>>> print(open('data_35.cif').read())   # mmCIF, C-alpha atoms (C1' of nucleotides)
data_input
loop_
_atom_site.label_atom_id
_atom_site.label_comp_id
_atom_site.auth_asym_id
_atom_site.auth_seq_id
_atom_site.Cartn_x
_atom_site.Cartn_y
_atom_site.Cartn_z
CA MET Y 21 -6.75 13.63 17.64
CA PRO Y 22 -3.95 11.67 19.17
CA GLU Y 23 -0.62 13.34 18.70
CA LEU Y 24 2.64 12.32 20.29
CA PRO Y 25 1.69 13.49 23.81
CA GLU Y 26 -1.57 11.54 23.70
CA VAL Y 27 0.21 8.42 22.45
CA GLU Y 28 2.79 8.73 25.21
CA THR Y 29 0.02 9.33 27.75
CA THR Y 30 -1.69 6.18 26.50
CA ARG Y 31 1.55 4.22 26.76
CA ARG Y 32 2.13 5.33 30.33
CA GLY Y 33 -1.49 4.70 31.23
CA ILE Y 34 -1.67 1.10 30.05
CA GLU Y 35 1.89 0.01 30.79
CA PRO Y 36 1.36 -0.87 34.49
CA TYR Y 37 -1.64 -3.06 33.67
CA VAL Y 38 -0.33 -4.74 30.55
CA VAL Y 39 3.43 -5.31 30.82
CA GLY Y 40 4.12 -8.72 32.35
CA GLN Y 41 0.63 -9.94 31.55
CA LYS Y 42 -0.19 -12.96 29.43
CA ILE Y 43 -2.72 -12.47 26.63
CA ARG Y 44 -5.57 -14.87 27.30
CA GLU Y 45 -7.81 -14.04 24.36
CA ILE Y 46 -7.85 -11.83 21.29
CA VAL Y 47 -11.07 -10.72 19.62
CA ILE Y 48 -10.97 -9.03 16.22
CA ARG Y 49 -14.29 -7.44 15.37
CA ARG Y 50 -13.15 -5.58 12.25
CA HIS Y 51 -10.15 -6.18 10.04
CA ASP Y 52 -10.50 -3.20 7.70
CA LEU Y 53 -8.41 -0.52 9.33
CA ARG Y 54 -6.04 1.72 7.37
CA GLN Y 55 -4.13 -1.48 6.70
CA PRO Y 56 -5.81 -4.86 7.20
CA VAL Y 57 -5.33 -6.19 10.73
CA SER Y 58 -2.68 -8.94 10.60
CA PRO Y 59 -4.32 -12.34 10.16
CA THR Y 60 -1.64 -13.76 12.49
CA LEU Y 61 -2.75 -11.52 15.35
CA VAL Y 62 -4.76 -14.32 16.99
CA THR Y 63 -1.57 -16.40 17.21
CA ALA Y 64 -0.38 -13.94 19.85
CA GLU Y 65 -2.81 -15.54 22.29
CA GLY Y 66 -0.83 -17.09 25.13
CA GLN Y 67 2.08 -14.67 24.71
CA ARG Y 68 3.19 -12.40 27.51
CA VAL Y 69 3.75 -8.68 26.90
CA THR Y 70 7.29 -7.84 28.00
CA ALA Y 71 7.41 -4.13 27.07
CA ILE Y 72 5.45 -1.28 25.53
CA ASP Y 73 7.56 1.28 23.70
CA ARG Y 74 6.74 4.30 21.59
CA ARG Y 75 8.42 5.38 18.36
CA SER Y 76 6.91 8.48 16.79
CA LYS Y 77 3.17 7.96 17.21
CA TYR Y 78 3.47 4.18 17.03
CA LEU Y 79 3.16 1.91 20.05
CA ILE Y 80 5.18 -1.30 19.99
CA PHE Y 81 4.20 -4.17 22.25
CA THR Y 82 7.02 -6.70 22.58
CA LEU Y 83 5.88 -10.27 23.19
CA ASP Y 84 7.59 -13.28 24.76
CA ASP Y 85 8.29 -14.98 21.44
CA ALA Y 86 10.02 -11.83 20.06
CA SER Y 87 7.09 -11.03 17.82
CA SER Y 88 5.49 -7.65 18.38
CA LEU Y 89 2.33 -5.62 17.99
CA LEU Y 90 2.60 -2.37 16.05
CA VAL Y 91 -0.26 -0.02 16.84
CA HIS Y 92 -1.06 3.45 15.47
CA LEU Y 93 -4.06 5.40 16.70
CA GLY Y 94 -4.51 7.35 13.48
CA MET Y 95 -6.90 10.26 13.83
CA SER Y 96 -9.54 8.94 16.14
CA GLY Y 97 -8.09 5.82 17.77
CA SER Y 98 -7.77 5.07 21.45
CA LEU Y 99 -6.67 2.20 23.66
CA ARG Y 100 -8.63 1.74 26.85
CA LEU Y 101 -8.65 -0.75 29.64
CA ASP Y 102 -12.15 -2.03 30.24
CA ASN Y 103 -13.89 -4.77 32.12
CA PRO Y 104 -14.32 -7.73 29.71
CA HIS Y 105 -17.95 -8.03 30.80
CA GLU Y 106 -18.78 -4.54 29.54
CA PRO Y 107 -20.56 -4.76 26.19
CA PHE Y 108 -18.48 -3.64 23.22
CA LYS Y 109 -19.07 -0.10 22.09
CA LYS Y 110 -19.54 0.86 18.49
CA HIS Y 111 -16.07 1.08 16.88
CA ASP Y 112 -14.39 -1.20 19.43
CA HIS Y 113 -12.49 -3.17 16.78
CA ILE Y 114 -9.96 -5.27 18.70
CA ALA Y 115 -9.87 -6.54 22.27
CA LEU Y 116 -7.01 -8.22 24.14
CA THR Y 117 -7.95 -9.89 27.40
CA PHE Y 118 -5.13 -10.36 29.88
CA ALA Y 119 -4.54 -12.85 32.66
CA ASN Y 120 -5.20 -10.13 35.24
CA GLY Y 121 -8.76 -9.79 33.98
CA LYS Y 122 -8.24 -6.46 32.24
CA GLN Y 123 -9.25 -6.02 28.65
CA LEU Y 124 -7.46 -3.63 26.32
CA ARG Y 125 -9.74 -2.30 23.62
CA PHE Y 126 -8.73 -0.60 20.39
CA HIS Y 127 -11.49 1.87 19.53
CA ASP Y 128 -11.30 3.83 16.28
CA PRO Y 129 -14.36 5.40 14.61
CA ARG Y 130 -12.58 6.62 11.49
CA ARG Y 131 -10.42 3.52 11.14
CA PHE Y 132 -7.28 5.45 10.18
CA GLY Y 133 -5.46 3.39 12.78
CA ILE Y 134 -3.16 0.42 12.33
CA PHE Y 135 -2.93 -2.83 14.31
CA LEU Y 136 -0.27 -5.22 13.06
CA HIS Y 137 1.35 -8.36 14.41
CA LEU Y 138 5.00 -8.42 13.32
CA PRO Y 139 6.91 -11.70 13.20
CA ALA Y 140 9.84 -12.29 15.55
CA GLY Y 141 12.61 -9.81 14.82
CA ASP Y 142 13.43 -6.15 15.15
CA PRO Y 143 10.23 -4.14 14.67
CA MET Y 144 12.31 -1.06 13.77
CA GLU Y 145 13.07 -2.76 10.46
CA HIS Y 146 9.41 -2.64 9.51
CA SER Y 147 8.82 -0.32 6.57
CA LEU Y 148 6.56 1.95 8.65
CA LEU Y 149 9.36 2.59 11.15
CA GLN Y 150 12.65 2.37 9.34
CA SER Y 151 12.70 5.72 7.58
CA LEU Y 152 11.42 7.87 10.43
CA GLY Y 153 13.31 10.99 11.48
CA PRO Y 154 14.57 11.71 15.00
CA GLU Y 155 12.40 11.74 18.09
CA PRO Y 156 11.67 15.35 19.08
CA LEU Y 157 12.64 14.76 22.70
CA SER Y 158 15.95 13.10 21.82
CA GLU Y 159 19.38 14.65 21.31
CA ASP Y 160 19.25 13.64 17.66
CA PHE Y 161 16.78 16.42 17.05
CA ASN Y 162 18.81 19.60 17.43
CA ALA Y 163 19.48 22.97 15.83
CA LYS Y 164 22.09 21.58 13.49
CA ALA Y 165 19.80 18.84 12.19
CA LEU Y 166 16.85 21.20 11.75
CA ALA Y 167 19.02 23.80 10.00
CA ALA Y 168 20.30 21.13 7.62
CA ALA Y 169 16.75 20.06 6.80
CA CYS Y 170 15.62 23.65 6.29
CA SER Y 171 18.54 24.81 4.17
CA LYS Y 172 17.22 23.14 1.01
CA ARG Y 173 13.53 23.60 1.62
CA THR Y 174 11.55 26.53 0.27
CA SER Y 175 8.25 25.34 1.69
CA ALA Y 176 6.61 26.84 4.75
CA ILE Y 177 8.36 26.08 8.04
CA LYS Y 178 5.16 24.57 9.43
CA LEU Y 179 5.18 21.90 6.73
CA VAL Y 180 8.84 21.15 7.38
CA ILE Y 181 8.43 20.53 11.12
CA MET Y 182 5.44 18.30 10.33
CA ASP Y 183 7.57 16.22 7.94
CA ALA Y 184 8.31 12.90 9.68
CA LYS Y 185 11.67 12.68 7.94
CA VAL Y 186 12.75 15.91 9.68
CA VAL Y 187 11.30 15.17 13.10
CA VAL Y 188 8.54 12.77 14.10
CA GLY Y 189 5.52 13.39 16.25
CA VAL Y 190 4.86 17.07 15.53
CA GLY Y 191 1.26 17.05 14.38
CA ASN Y 192 -0.96 19.87 13.27
CA ILE Y 193 -1.88 21.19 16.72
CA TYR Y 194 1.62 21.30 18.13
CA ALA Y 195 3.13 22.69 14.94
CA SER Y 196 1.00 25.84 15.28
CA GLU Y 197 1.63 26.00 19.03
CA ALA Y 198 5.39 25.65 18.70
CA LEU Y 199 5.60 28.35 16.02
CA PHE Y 200 3.63 30.68 18.26
CA ARG Y 201 6.06 30.09 21.11
CA ALA Y 202 8.99 30.62 18.76
CA GLY Y 203 7.50 33.83 17.33
CA ILE Y 204 7.78 32.52 13.78
CA LEU Y 205 5.05 32.91 11.14
CA PRO Y 206 3.97 29.45 9.91
CA GLN Y 207 4.20 30.52 6.25
CA THR Y 208 7.86 31.56 6.44
CA PRO Y 209 9.97 29.69 3.87
CA ALA Y 210 12.13 27.27 5.85
CA ASN Y 211 15.37 28.34 4.16
CA LYS Y 212 14.82 31.98 5.14
CA ILE Y 213 14.97 31.39 8.89
CA SER Y 214 18.18 32.08 10.80
CA LYS Y 215 19.93 29.29 12.63
CA ALA Y 216 19.37 31.08 15.92
CA ARG Y 217 15.62 31.12 15.37
CA LEU Y 218 15.66 27.45 14.36
CA ALA Y 219 17.56 26.66 17.56
CA ARG Y 220 14.79 28.39 19.46
CA LEU Y 221 12.22 26.42 17.47
CA VAL Y 222 13.83 23.13 18.50
CA GLU Y 223 13.58 24.15 22.15
CA VAL Y 224 9.93 25.20 21.96
CA ILE Y 225 8.92 22.05 20.08
CA ARG Y 226 10.41 20.06 22.96
CA ALA Y 227 8.74 22.33 25.50
CA VAL Y 228 5.26 22.22 24.00
CA LEU Y 229 5.33 18.43 23.71
CA THR Y 230 6.70 18.01 27.22
CA ASP Y 231 4.13 20.40 28.67
CA SER Y 232 1.34 18.52 26.94
CA ILE Y 233 2.58 15.13 28.13
CA GLU Y 234 2.67 16.49 31.66
CA ALA Y 235 -0.89 17.78 31.24
CA GLY Y 236 -1.97 14.30 30.14
CA GLY Y 237 -2.27 15.19 26.48
CA THR Y 238 -4.85 17.20 24.65
CA THR Y 239 -7.55 14.65 23.98
CA LEU Y 240 -7.24 11.78 26.41
CA ARG Y 241 -9.65 11.13 29.19
CA ASP Y 242 -7.55 8.84 31.25
CA PHE Y 243 -8.37 5.36 32.45
CA LEU Y 244 -5.58 5.63 34.99
CA HIS Y 245 -6.98 8.53 36.97
CA SER Y 246 -10.23 7.35 38.41
CA ASP Y 247 -11.34 10.89 39.13
CA GLY Y 248 -12.06 11.19 35.41
CA LYS Y 249 -10.43 14.60 35.21
CA PRO Y 250 -9.54 15.29 31.58
CA GLY Y 251 -6.24 17.00 32.44
CA TYR Y 252 -6.60 18.93 29.27
CA PHE Y 253 -3.79 20.65 27.47
CA ALA Y 254 -6.50 22.06 25.20
CA GLN Y 255 -7.17 24.74 27.78
CA ARG Y 256 -3.60 25.91 27.43
CA LEU Y 257 -3.51 26.14 23.65
CA ASN Y 258 -2.43 29.61 22.54
CA VAL Y 259 -3.52 29.63 18.91
CA TYR Y 260 -4.90 26.29 17.74
CA ASN Y 261 -8.65 26.50 17.09
CA ARG Y 262 -8.69 30.07 18.42
CA GLN Y 263 -9.41 31.91 15.17
CA GLY Y 264 -10.64 35.46 15.88
CA LYS Y 265 -10.08 35.13 19.61
CA PRO Y 266 -7.66 37.45 21.40
CA CYS Y 267 -4.03 36.37 21.61
CA ARG Y 268 -3.29 35.38 25.19
CA LYS Y 269 -0.10 37.43 25.06
CA CYS Y 270 -1.04 40.62 23.21
CA GLY Y 271 -4.80 40.55 22.62
CA THR Y 272 -4.60 40.67 18.82
CA ALA Y 273 -7.14 38.48 17.01
CA ILE Y 274 -5.71 35.08 16.09
CA CYS Y 275 -5.51 34.44 12.34
CA HIS Y 276 -6.43 31.26 10.48
CA GLU Y 277 -5.56 29.93 7.05
CA VAL Y 278 -5.32 26.58 5.31
CA LEU Y 279 -1.67 25.84 4.66
CA GLY Y 280 -0.68 22.60 2.96
CA GLN Y 281 -4.30 21.48 3.32
CA ARG Y 282 -4.14 21.84 7.10
CA ALA Y 283 -5.76 24.39 9.38
CA THR Y 284 -3.10 26.80 10.58
CA TYR Y 285 -3.34 29.42 13.34
CA TRP Y 286 -1.06 32.27 14.37
CA CYS Y 287 -0.89 35.66 16.04
CA PRO Y 288 -0.04 38.34 13.46
CA LYS Y 289 1.65 40.50 16.08
CA CYS Y 290 3.62 37.95 18.11
CA GLN Y 291 4.81 36.02 15.07
CA ARG Y 292 7.00 37.46 12.32
"C1'" DC V 28 15.04 15.23 -5.16
"C1'" DG V 29 11.00 18.58 -3.61
"C1'" DA V 30 6.32 20.24 -3.98
"C1'" DA V 31 1.43 19.85 -4.58
"C1'" DC V 32 -2.34 17.20 -4.26
"C1'" DC V 33 -5.12 12.91 -3.26
"C1'" DT V 34 -6.90 9.20 -0.45
"C1'" DC V 35 -8.82 6.45 3.35
"C1'" DC V 36 -13.25 7.16 7.14
"C1'" DT V 37 -16.95 8.82 10.39
"C1'" DG V 38 -18.73 12.33 13.49
"C1'" DC V 39 -20.07 16.65 13.86
"C1'" DG V 40 -21.34 21.40 12.99
"C1'" DG V 41 -23.44 24.72 9.95
"C1'" DG V 42 -27.11 25.94 6.98
"C1'" DC V 43 -31.79 25.77 5.89
"C1'" DT K 14 -36.51 18.90 14.46
"C1'" DG K 15 -34.30 16.74 10.81
"C1'" DC K 16 -31.67 16.36 6.83
"C1'" DC K 17 -27.83 17.28 3.78
"C1'" DC K 18 -23.37 18.86 2.92
"C1'" DG K 19 -18.67 19.50 3.69
"C1'" DC K 20 -14.93 19.51 6.57
"C1'" DA K 21 -11.26 17.67 9.75
"C1'" DG K 22 -6.97 15.14 9.78
"C1'" DG K 23 -1.95 11.13 9.90
"C1'" DA K 24 0.64 9.69 6.69
"C1'" DG K 25 1.54 6.96 2.63
"C1'" DG K 26 0.86 7.32 -2.28
"C1'" DT K 27 0.87 9.58 -6.92
"C1'" DT K 28 2.23 12.88 -10.24
"C1'" DC K 29 5.01 16.32 -12.20
#
>>> encode(input="data_35.cif", output="C-alpha cells")
Amino acid sequence: MPELPEVETTRRGIEPYVVGQKIREIVIRRHDLRQPVSPTLVTAEGQRVTAIDRRSKYLIFTLDDASSLLVHLGMSGSLRLDNPHEPFKKHDHIALTFANGKQLRFHDPRRFGIFLHLPAGDPMEHSLLQSLGPEPLSEDFNAKALAAACSKRTSAIKLVIMDAKVVVGVGNIYASEALFRAGILPQTPANKISKARLARLVEVIRAVLTDSIEAGGTTLRDFLHSDGKPGYFAQRLNVYNRQGKPCRKCGTAICHEVLGQRATYWCPKCQR
DNA sequence: CGAACCTCCTGCGGGC
DNA sequence: TGCCCGCAGGAGGTTC
C-alpha cells in the first residue's frame, strides 16, 4: 500500500520524465474512483506540466494555465511510465501521453484513489488539502506540536500519530515501525506519555520515513531503475506483518492486535 | 470537541 | 483443483 515514502518515490521517479512535458492526449477509461474523475480533466490536453509536488500522500501536478492535477494513490494505486503502444492492463484507469512519447498510467485495482483536475488557483485551498496537519519531515512537526496534540487525547498513541490533523503521511505500517523504534507500546494513551518520549517519537517517525524513502519505499517496483530491483524497505521492517516471529532486537515473539480497526504489531519486551 | 464505527473496492489467502 | 468467505486498508463521513 502506498504510504508517504512510496508516494515520494513515485514523485521522484516520474518527475524527470514528466516535468516540462506537454500533455498530448488524455484517456480516461474509468471515472468511478473514490471520487468521480473530474470531467474537465480532458481539457488539460495541450498543457505543459511545470512541477510535481507532494503534500501528505497527494501528488500535485502544476500545469501551464495554473490549473493542477490532484492525485491520490489510495490503497492500491500506482503511477507508471509505459510505452503508449503497450496494451492497457486491467485497472489502468487513466493515461496521459506526453510529447516525449512517454505515457503515464494511473493503475488502481481497488479504486480508492483520486484523480482530480483543479481549476486555476492555489490547490492548497482545495478541501482535501486545506485542513491537513504538518509534514512529518518539516520543522512544523516537532516535540512541542506532538505534545500539544497528545495532551488532550486519551486514545492510543498509534491512532494519534495516524491522525492527519496531528501529522500527515504516517500510515499503518510506519506507525507500528516508529513506535517500535521509540520503545512505546501502541496502546499507550497519548496523554500518558512524557514529553521526552514524544520528542523521541518525533525523531523516529522522521527516521523511519527517511529510511524508507532512501530504500525506494516498501511497495514500489521502480520504473526508474531498469534493473528492476525492488529496493524493498519491507525486508527491514521490524514488527509490521511479523506476528509470532522473533523480534530482531531481542528475539521475543512479535505481538499482533487490531487497534482502531487496524492491524497493529509490537514487541512486548522492547516496547513499554 | 473526541471517540467509535462505517464505507468505498478488489485481490488474495485460508478453509474445506 | 476450485469455490466461498472474509479480511486488508486511506481517509472522509456519521453518530453519539
>>> residues_around(input="data_35.cif", residues="V:DC35", least_positions_apart="5", cutoff="10 Å", atoms="only C-alpha atoms (C1' of nucleotides)", output="PyMOL selection string")
chain Y and resi 53-55+130-132
>>> interface_residues(input="data_35.cif", of="chain K", to="chain Y", cutoff="9 Å", atoms="all atoms listed in the file", output="PyMOL selection string")
chain K and resi 21-24
>>> residues_near_point(input="data_35.cif", point="(-4.0, 12.0, -7.7)", cutoff="7 Å", atoms="all atoms listed in the file", output="VMD selection string")
(chain V and resid 32 to 33) or (chain K and resid 27 to 28)
>>> write_last_selection(input="data_35.cif", atoms="C-alpha atoms (C1' of nucleotides)", output="compact mmCIF listing (two decimals), keeping the file's coordinate frame")
# COMPACT_ATOMS: atom_id res chain seq x y z
C1' DC V 32 -2.34 17.20 -4.26
C1' DC V 33 -5.12 12.91 -3.26
C1' DT K 27 0.87 9.58 -6.92
C1' DT K 28 2.23 12.88 -10.24
>>> resolve_selection(input="data_35.cif", expression="the PyMOL selection byres ((chain V and resi 40) around 10)", output="MDAnalysis selection string")
(chainID V and resid 38:39 41:42) or (chainID K and resid 19:20)
>>> resolve_selection(input="data_35.cif", expression="the PyMOL selection byres ((chain V) within 8 of (chain Y))", output="PDB file with C-alpha atoms (C1' of nucleotides), in the coordinates of the input")
ATOM      1  C1'  DG V  29      11.000  18.580  -3.610  1.00  0.00           C
ATOM      2  C1'  DA V  30       6.320  20.240  -3.980  1.00  0.00           C
ATOM      3  C1'  DC V  35      -8.820   6.450   3.350  1.00  0.00           C
ATOM      4  C1'  DC V  36     -13.250   7.160   7.140  1.00  0.00           C
ATOM      5  C1'  DT V  37     -16.950   8.820  10.390  1.00  0.00           C
TER       6       DT V  37
END
>>> atom_distance(input="data_35.cif", atom1="atom CA of Y:Pro36", atom2="atom CA of Y:Asp52")
29.4 Å
>>> resolve_selection(input="data_35.cif", expression="the PyMOL selection byres ((chain Y and resi 26) around 12)", output="NGL selection string")
:Y and (21-25 or 27-33 or 74 or 76-79 or 92-99 or 189-191 or 193-194 or 229-242 or 250-254)
>>> decode(input="data_35.cif", residues="chain K", atoms="N, CA and C atoms (P, O5', C5', C4', C3', O3' and C1' of nucleotides)", output="mmCIF file, in the first residue's frame")
data_model
loop_
_atom_site.group_PDB
_atom_site.id
_atom_site.type_symbol
_atom_site.label_atom_id
_atom_site.label_comp_id
_atom_site.auth_asym_id
_atom_site.auth_seq_id
_atom_site.Cartn_x
_atom_site.Cartn_y
_atom_site.Cartn_z
ATOM 1 P P DT K 14 -3.900 -28.249 -10.248
ATOM 2 O "O5'" DT K 14 -5.339 -28.633 -9.674
ATOM 3 C "C5'" DT K 14 -6.246 -29.295 -10.537
ATOM 4 C "C4'" DT K 14 -7.632 -28.846 -10.150
ATOM 5 C "C3'" DT K 14 -7.861 -27.337 -10.294
ATOM 6 O "O3'" DT K 14 -9.034 -27.144 -11.057
ATOM 7 C "C1'" DT K 14 -8.451 -28.038 -8.111
ATOM 8 P P DG K 15 -9.457 -25.741 -11.681
ATOM 9 O "O5'" DG K 15 -10.689 -25.358 -10.753
ATOM 10 C "C5'" DG K 15 -11.669 -26.338 -10.446
ATOM 11 C "C4'" DG K 15 -12.528 -25.826 -9.321
ATOM 12 C "C3'" DG K 15 -12.775 -24.317 -9.385
ATOM 13 O "O3'" DG K 15 -14.138 -24.084 -9.089
ATOM 14 C "C1'" DG K 15 -11.950 -24.892 -7.272
ATOM 15 P P DC K 16 -14.878 -22.827 -9.710
ATOM 16 O "O5'" DC K 16 -15.876 -22.480 -8.529
ATOM 17 C "C5'" DC K 16 -16.456 -23.528 -7.744
ATOM 18 C "C4'" DC K 16 -16.496 -23.108 -6.307
ATOM 19 C "C3'" DC K 16 -16.848 -21.632 -6.109
ATOM 20 O "O3'" DC K 16 -18.037 -21.527 -5.365
ATOM 21 C "C1'" DC K 16 -15.049 -22.283 -4.715
ATOM 22 P P DC K 17 -18.886 -20.194 -5.378
ATOM 23 O "O5'" DC K 17 -18.898 -19.863 -3.828
ATOM 24 C "C5'" DC K 17 -19.066 -20.917 -2.877
ATOM 25 C "C4'" DC K 17 -18.529 -20.462 -1.537
ATOM 26 C "C3'" DC K 17 -18.896 -19.017 -1.184
ATOM 27 O "O3'" DC K 17 -19.447 -18.993 0.114
ATOM 28 C "C1'" DC K 17 -16.555 -19.352 -0.964
ATOM 29 P P DC K 18 -20.233 -17.729 0.633
ATOM 30 O "O5'" DC K 18 -19.259 -17.231 1.786
ATOM 31 C "C5'" DC K 18 -18.712 -18.182 2.704
ATOM 32 C "C4'" DC K 18 -17.526 -17.553 3.403
ATOM 33 C "C3'" DC K 18 -17.774 -16.109 3.835
ATOM 34 O "O3'" DC K 18 -17.580 -16.031 5.234
ATOM 35 C "C1'" DC K 18 -15.694 -16.321 2.668
ATOM 36 P P DG K 19 -18.096 -14.754 6.033
ATOM 37 O "O5'" DG K 19 -16.717 -14.050 6.412
ATOM 38 C "C5'" DG K 19 -15.615 -14.851 6.830
ATOM 39 C "C4'" DG K 19 -14.353 -14.039 6.751
ATOM 40 C "C3'" DG K 19 -14.527 -12.570 7.154
ATOM 41 O "O3'" DG K 19 -13.376 -12.193 7.862
ATOM 42 C "C1'" DG K 19 -13.619 -12.668 4.991
ATOM 43 P P DC K 20 -13.455 -11.017 8.904
ATOM 44 O "O5'" DC K 20 -11.975 -10.452 8.798
ATOM 45 C "C5'" DC K 20 -10.902 -11.347 8.502
ATOM 46 C "C4'" DC K 20 -9.954 -10.703 7.530
ATOM 47 C "C3'" DC K 20 -9.683 -9.218 7.818
ATOM 48 O "O3'" DC K 20 -8.300 -9.052 8.025
ATOM 49 C "C1'" DC K 20 -10.077 -9.590 5.508
ATOM 50 P P DA K 21 -7.753 -7.930 8.961
ATOM 51 O "O5'" DA K 21 -6.936 -7.025 7.938
ATOM 52 C "C5'" DA K 21 -5.898 -7.621 7.181
ATOM 53 C "C4'" DA K 21 -5.610 -6.740 5.980
ATOM 54 C "C3'" DA K 21 -5.497 -5.258 6.330
ATOM 55 O "O3'" DA K 21 -4.160 -4.843 6.109
ATOM 56 C "C1'" DA K 21 -6.905 -5.627 4.408
ATOM 57 P P DG K 22 -3.534 -3.773 7.022
ATOM 58 O "O5'" DG K 22 -4.044 -2.435 6.339
ATOM 59 C "C5'" DG K 22 -3.493 -2.036 5.089
ATOM 60 C "C4'" DG K 22 -4.436 -1.041 4.460
ATOM 61 C "C3'" DG K 22 -4.734 0.211 5.328
ATOM 62 O "O3'" DG K 22 -4.398 1.363 4.576
ATOM 63 C "C1'" DG K 22 -6.670 -0.652 4.363
ATOM 64 P P DG K 23 -3.612 2.530 5.323
ATOM 65 O "O5'" DG K 23 -4.191 3.797 4.554
ATOM 66 C "C5'" DG K 23 -3.796 4.056 3.220
ATOM 67 C "C4'" DG K 23 -4.475 5.302 2.726
ATOM 68 C "C3'" DG K 23 -4.455 6.494 3.658
ATOM 69 O "O3'" DG K 23 -4.423 7.659 2.847
ATOM 70 C "C1'" DG K 23 -6.682 5.705 3.459
ATOM 71 P P DA K 24 -4.379 9.085 3.512
ATOM 72 O "O5'" DA K 24 -5.910 9.427 3.790
ATOM 73 C "C5'" DA K 24 -6.774 9.625 2.685
ATOM 74 C "C4'" DA K 24 -8.184 9.773 3.198
ATOM 75 C "C3'" DA K 24 -8.350 10.773 4.354
ATOM 76 O "O3'" DA K 24 -9.470 11.562 4.045
ATOM 77 C "C1'" DA K 24 -9.443 8.790 4.840
ATOM 78 P P DG K 25 -9.545 13.069 4.396
ATOM 79 O "O5'" DG K 25 -11.058 13.404 4.038
ATOM 80 C "C5'" DG K 25 -11.594 12.949 2.802
ATOM 81 C "C4'" DG K 25 -12.981 12.398 3.029
ATOM 82 C "C3'" DG K 25 -13.882 13.302 3.872
ATOM 83 O "O3'" DG K 25 -15.150 13.357 3.244
ATOM 84 C "C1'" DG K 25 -13.829 11.137 4.802
ATOM 85 P P DG K 26 -16.298 14.317 3.763
ATOM 86 O "O5'" DG K 26 -17.273 13.314 4.502
ATOM 87 C "C5'" DG K 26 -17.891 12.274 3.753
ATOM 88 C "C4'" DG K 26 -18.700 11.420 4.690
ATOM 89 C "C3'" DG K 26 -19.601 12.223 5.643
ATOM 90 O "O3'" DG K 26 -20.957 11.828 5.454
ATOM 91 C "C1'" DG K 26 -18.340 10.572 6.824
ATOM 92 P P DT K 27 -22.119 12.548 6.211
ATOM 93 O "O5'" DT K 27 -22.403 11.558 7.428
ATOM 94 C "C5'" DT K 27 -22.656 10.183 7.171
ATOM 95 C "C4'" DT K 27 -22.875 9.463 8.487
ATOM 96 C "C3'" DT K 27 -23.784 10.218 9.470
ATOM 97 O "O3'" DT K 27 -24.809 9.334 9.906
ATOM 98 C "C1'" DT K 27 -21.779 9.591 10.544
ATOM 99 P P DT K 28 -26.093 9.899 10.701
ATOM 100 O "O5'" DT K 28 -25.774 9.440 12.192
ATOM 101 C "C5'" DT K 28 -25.414 8.081 12.451
ATOM 102 C "C4'" DT K 28 -24.865 7.982 13.859
ATOM 103 C "C3'" DT K 28 -25.658 8.750 14.915
ATOM 104 O "O3'" DT K 28 -26.103 7.845 15.901
ATOM 105 C "C1'" DT K 28 -23.339 9.173 15.139
ATOM 106 P P DC K 29 -27.244 8.280 16.935
ATOM 107 O "O5'" DC K 29 -26.386 8.481 18.263
ATOM 108 C "C5'" DC K 29 -25.564 7.420 18.733
ATOM 109 C "C4'" DC K 29 -24.570 7.961 19.737
ATOM 110 C "C3'" DC K 29 -25.194 8.824 20.819
ATOM 111 O "O3'" DC K 29 -24.847 8.296 22.094
ATOM 112 C "C1'" DC K 29 -23.268 9.854 19.924
#
